[in-house]
Each structure stands twice: as structure tokens, then as C-alpha cells.
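Visitor: The structure is given below, and queries will be raised subsequently.
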Amino acid sequence: MIAAPDAALLRLYSTAGVTVKTKHSIAVVAITALLASCSSTRIGNPRRDYEAVELNRVYPHPSESELRGQKTEVVLANRYTGDLPEAEVGRAMATLQRKLERILGEAGVGVIDRGIHDLAVVREELEAAEGARGSNEFTGADWALVSRMTRFRQWADYAPPRRLFKNEEQLEQEPGTCEHYGEIELEIKVFAVPTDDVAHTTFTLRNSGDFDEKNRDASCPISQTREEVFLEEILEEALPCLDLPLKKRFPPRGYVEEHRVSMTEDAHIFRTSLGKRNGARRDLELDIFRVQYMTARDGRRLRDARRIGGGRISDEIGDDYSWITVDVDALEQPILSGDLVRGVYENSIATRFELRRCGEILTLQGQE
């Protein structure tokens, strides 16, 4: 039996906005977290209650199109191998694609539909390479997510009925036990388009499952439909492990445009180009970066992004803008017009328990 959390643990959970299911605490913790959330990001009218503060500009300053919060575009493509052809794993890959579309959509990423009906074209374009380099079909995308199933199999072991206190006639009538096992493995590679032929990041999912059933047939037959459903259940159990890592890989981003200070208190707000259509939502935490460029000795242009502080999106948010609250005393440098803001997806207490399980399912190579 799991012991009830003590008072200290309840306080810890409530500050993280997590509802703890004990007899008396559910409503109190949920309401406390809700009120704290609402009060911390409600700012009033930015034009009426705040006065403008002149902002210096970062150099080089983002272009007008960048300031308008152009959405990151990702193309999804599937690869198949001779060992695991489309006929065998097509349904499972369609399930994967729907999940990827949902995760990326929640992060404000635009998904270019290269769905199940275009796979033959995509396969010709990829030409057995690992990336999407040089393909005109991917023009307009910033990234390509190329998925491939590397293991998708089911097998069974048969255990005869126990002989204890049974004669031969009884044994012939009693079924044995078929223990069915399944395992899946898939990889998702992230490529920059159209410049890269080496993956920036590779996500690998591995999961397995089993079930048993009574059967007199020692070969443990299973229908194709039941096998597919069984393996897809194993896949679907693993897919939530992609949620947080993918959102971290493609965080919503925008740029600082305006600074205002409250007329009645020491409160500072900044308007950014990050809006709802790019994945912004109220209470989302943001990192603020100063982006600078330099030229290396070999002539290469190097980009340096240094975090100078953080903020949180307020209740004033539209399709292509948001006002964020910032503790200016905690900044390493004053914020400039054109500084980059980027969403932060942190592991809440609620997800840490799930991530322990995901640690056995998901591995990641390359950049997060």
C-alpha cells in the first residue's frame, strides 16, 4: 500500500500545480494552484495601466518577417525497409504520424502533410539516404522528421497443462497456456532542411508487452488482426514518451518588441511576437536570449545565444503577440528590442514519475 503524502510533500506538489488525491486535499490543492496561476499572470490593460519605456535595439536586429513570428515548419516522412515493408507496419506508422502531428501542433509547429498516401513519392526522394537533403518536395520546411520501424514482431511460448492430480484423459481435455510476446522499435531522425545529411537528433523508442490465453494448440496461433492490434497497443503505450522531448526540440519562439512599466507598482511587461498560432499559451515560461554573431578565423559565421533571463506569458495574448511578465532585477543584462524569447517545457512533478518509465523506453542521441 502506498502511504499518503505528508504535509511537506503536499506543499511541494501544490507549488508545482499538481492535484494530490487524498481525502481532504484535492479541492484545496487544485484551487490554490489555480488562484496562484491566475494572479501571477493577470496584468490588466497594457496600454492604459502601463507607460512605454524606450528600448535599445539588438544588433543585428531581426527582420520584419522574423518579428512577425514565422512558424517553424516540419515535414513528416516515413521510411520502410525490405524486412518491414509498408504492408506490415503501415497502420502502426500511421498511428505514429497522428501522434507526431498532435505533439507538434500543440507546440505551435506547422506540419507539412506528407502523409500515408505520399509515401511512395517520399521513398523515391529519400533514395535510401538518411535525410531529405536536396529534395524539392521538402522546399519550405525547416526540418524533416524521418521515421523508420526497425523491429515489429510477435512470438509465443506454449506451456502444457499441469499434470498434478490429473489423469491422461483429463489432460487431453484441458488447454495449455500460450504466452504471447511482442516488441517494437522505431527511430525518428531530425534533419535540418535542406542543408543536412546527418541527423541533428535521433529518438529511438523500444517497448515490449505480453498477454496469455488458454489454448489446446501448442503452436499458439493468432490472427493477423489480433497480432497487429497487440503490437499497436505496445506502440501506443510508448508514444507518450515522445511528448516532452519533441516539444523541447521545437519550442515556440518569438522576439521582444516593446517594454512598458506599471504606473502604480514596480512591474515590467514586454510585448513579444510570440502568439497563439506559434504555440504560445498563458503561463508558459520563457527563456530570454541575447543572440550575437561573430566571424571565425576560417570565415564561418558563428551564432552565440546567451540566456539573460526569463519571463512568463500573461493573460494578454493574441494570435501573433503576447505580453510577458519579467523580473527585471533578476536579468543578467537589460532586455533589448529583438532579443529572442523561447518557450520552456519543464518536467513537472507529475511527469517525473512517467519519465522514469520512459527512461527505459526512449533514448536520445544528438541535440535536444
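Labels used: A, B, ... for chains in the order of the C-alpha cells, numbers from 1 for residues in each chain, and numbers from 1 for ligands as shown.
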Hey, what does DSSP flag as strand (DSSP E) within region 74-274 of chain A? Can you give it to me as a ChimeraX atom specification?
Guide: /A:74-79,110-112,143-159,176-192,201-215,253-262,268-272
Visitor: Pull the helix (DSSP H, G or I) assignments for region 49-269 of chain A out of DSSP run on the backbone, and list those residues as an NGL selection string.
Guide: :A and (49 or 64-67 or 86-106 or 116-126 or 136-138 or 168-173 or 224-249)
Visitor: What are the nearest atom pairs, with distances in Å to one decimal, for all residues of region 150-237 of chain A that come at most 12 Å from region 55-74 of chain A, using only C-alpha atoms, set out by chain and rising residue number as a Markdown table?
Guide:
```
| residue | atom | partner | partner_atom | distance |
| --- | --- | --- | --- | --- |
| A:Val190 | CA | A:Val74 | CA | 9.5 |
| A:Phe191 | CA | A:Val74 | CA | 9.6 |
| A:Ala192 | CA | A:Val74 | CA | 9.4 |
| A:Val193 | CA | A:Val74 | CA | 9.0 |
| A:Pro194 | CA | A:Val74 | CA | 11.7 |
```
Visitor: So that I can see what lies close to Asp315 (chain A), please list as a PyMOL selection string the residues with an atom at most 9 Å from it, counting only C-alpha atoms and leaving out residues fewer than 4 positions away in the same chain.
Guide: chain A and resi 38+41-44+281-283+322-324
Visitor: Give me the residues within 8 Å of Arg307 (chain A) as a short mmCIF file (atom, residue, chain, number, x, y, z; two decimals) with N, CA and C atoms, in the first residue's frame, counting only C-alpha atoms and dropping any in the same chain fewer than 5 places off.
Guide:
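Everything below was put into around.cif:
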```cif
data_model
loop_
_atom_site.label_atom_id
_atom_site.label_comp_id
_atom_site.auth_asym_id
_atom_site.auth_seq_id
_atom_site.Cartn_x
_atom_site.Cartn_y
_atom_site.Cartn_z
N ASP A 287 12.47 31.50 -21.75
CA ASP A 287 13.84 31.94 -21.62
C ASP A 287 14.05 33.11 -22.56
N ILE A 288 14.86 34.07 -22.14
CA ILE A 288 15.17 35.24 -22.96
C ILE A 288 16.65 35.18 -23.30
N PHE A 289 16.96 35.27 -24.61
CA PHE A 289 18.33 35.11 -25.08
C PHE A 289 18.81 36.36 -25.81
N ARG A 290 20.08 36.66 -25.65
CA ARG A 290 20.77 37.64 -26.47
C ARG A 290 21.53 36.87 -27.55
#
```
Visitor: Could you please determine the separation between CA of Ala280 (chain A) and CA of Pro251 (chain A) in Å, to one decimal place?
Guide: 9.5 Å
Visitor: With distances taken over only C-alpha atoms, which residue among A:Glu185, A:Glu168, A:Asp327, A:Glu101 lies nearest Ile269 (chain A)?
Guide: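 Of all the options, A:Asp327 lies closest to Ile269 (chain A).
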Visitor: Separation of CA of Leu244 (chain A) and CA of Val328 (chain A), in Å?
Guide: 28.8 Å
Visitor: I want to know what sits within 9 Å of Leu96 (chain A), based on only C-alpha atoms, with residues of the same chain fewer than 3 positions away left out; could you give that as a list in words?
Guide: Arg91, Ala92, Met93, Lys99, Leu100, Glu101, Ser147, Leu235, Glu236 and Leu239 of chain A
Visitor: Suppose we keep N, CA and C atoms; can you now write the selection as a tab-separated table (two decimals), in the first residue's frame?
Guide:
```tsv
chain	number	residue	atom	x	y	z
A	91	ARG	N	-0.03	0.53	-40.82
A	91	ARG	CA	-1.01	1.01	-39.85
A	91	ARG	C	-0.33	1.61	-38.63
A	92	ALA	N	0.71	0.94	-38.16
A	92	ALA	CA	1.43	1.43	-36.99
A	92	ALA	C	2.11	2.77	-37.29
A	93	MET	N	2.65	2.92	-38.50
A	93	MET	CA	3.30	4.17	-38.85
A	93	MET	C	2.28	5.30	-38.99
A	99	LYS	N	0.24	10.89	-33.93
A	99	LYS	CA	0.78	11.33	-32.65
A	99	LYS	C	1.77	12.48	-32.84
A	100	LEU	N	2.65	12.37	-33.83
A	100	LEU	CA	3.62	13.42	-34.09
A	100	LEU	C	2.91	14.72	-34.48
A	101	GLU	N	1.88	14.63	-35.30
A	101	GLU	CA	1.12	15.81	-35.71
A	101	GLU	C	0.50	16.50	-34.50
A	147	SER	N	10.85	8.87	-40.00
A	147	SER	CA	10.57	7.76	-39.08
A	147	SER	C	10.77	6.42	-39.77
A	235	LEU	N	3.02	-0.09	-29.16
A	235	LEU	CA	3.49	1.17	-29.72
A	235	LEU	C	2.82	2.36	-29.05
A	236	GLU	N	1.50	2.30	-28.91
A	236	GLU	CA	0.76	3.42	-28.33
A	236	GLU	C	1.15	3.66	-26.88
A	239	LEU	N	4.38	5.84	-27.16
A	239	LEU	CA	4.36	7.14	-27.85
A	239	LEU	C	4.29	8.35	-26.91
```
Visitor: Compare A:Thr264, A:Thr204, A:Ser223, A:Ser337 by their minimum atom-to-atom distance to Glu360 (chain A), counting only C-alpha atoms, and give me the closest one.
Guide: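 Answer, going by the shortest atom-to-atom distance: A:Thr204.
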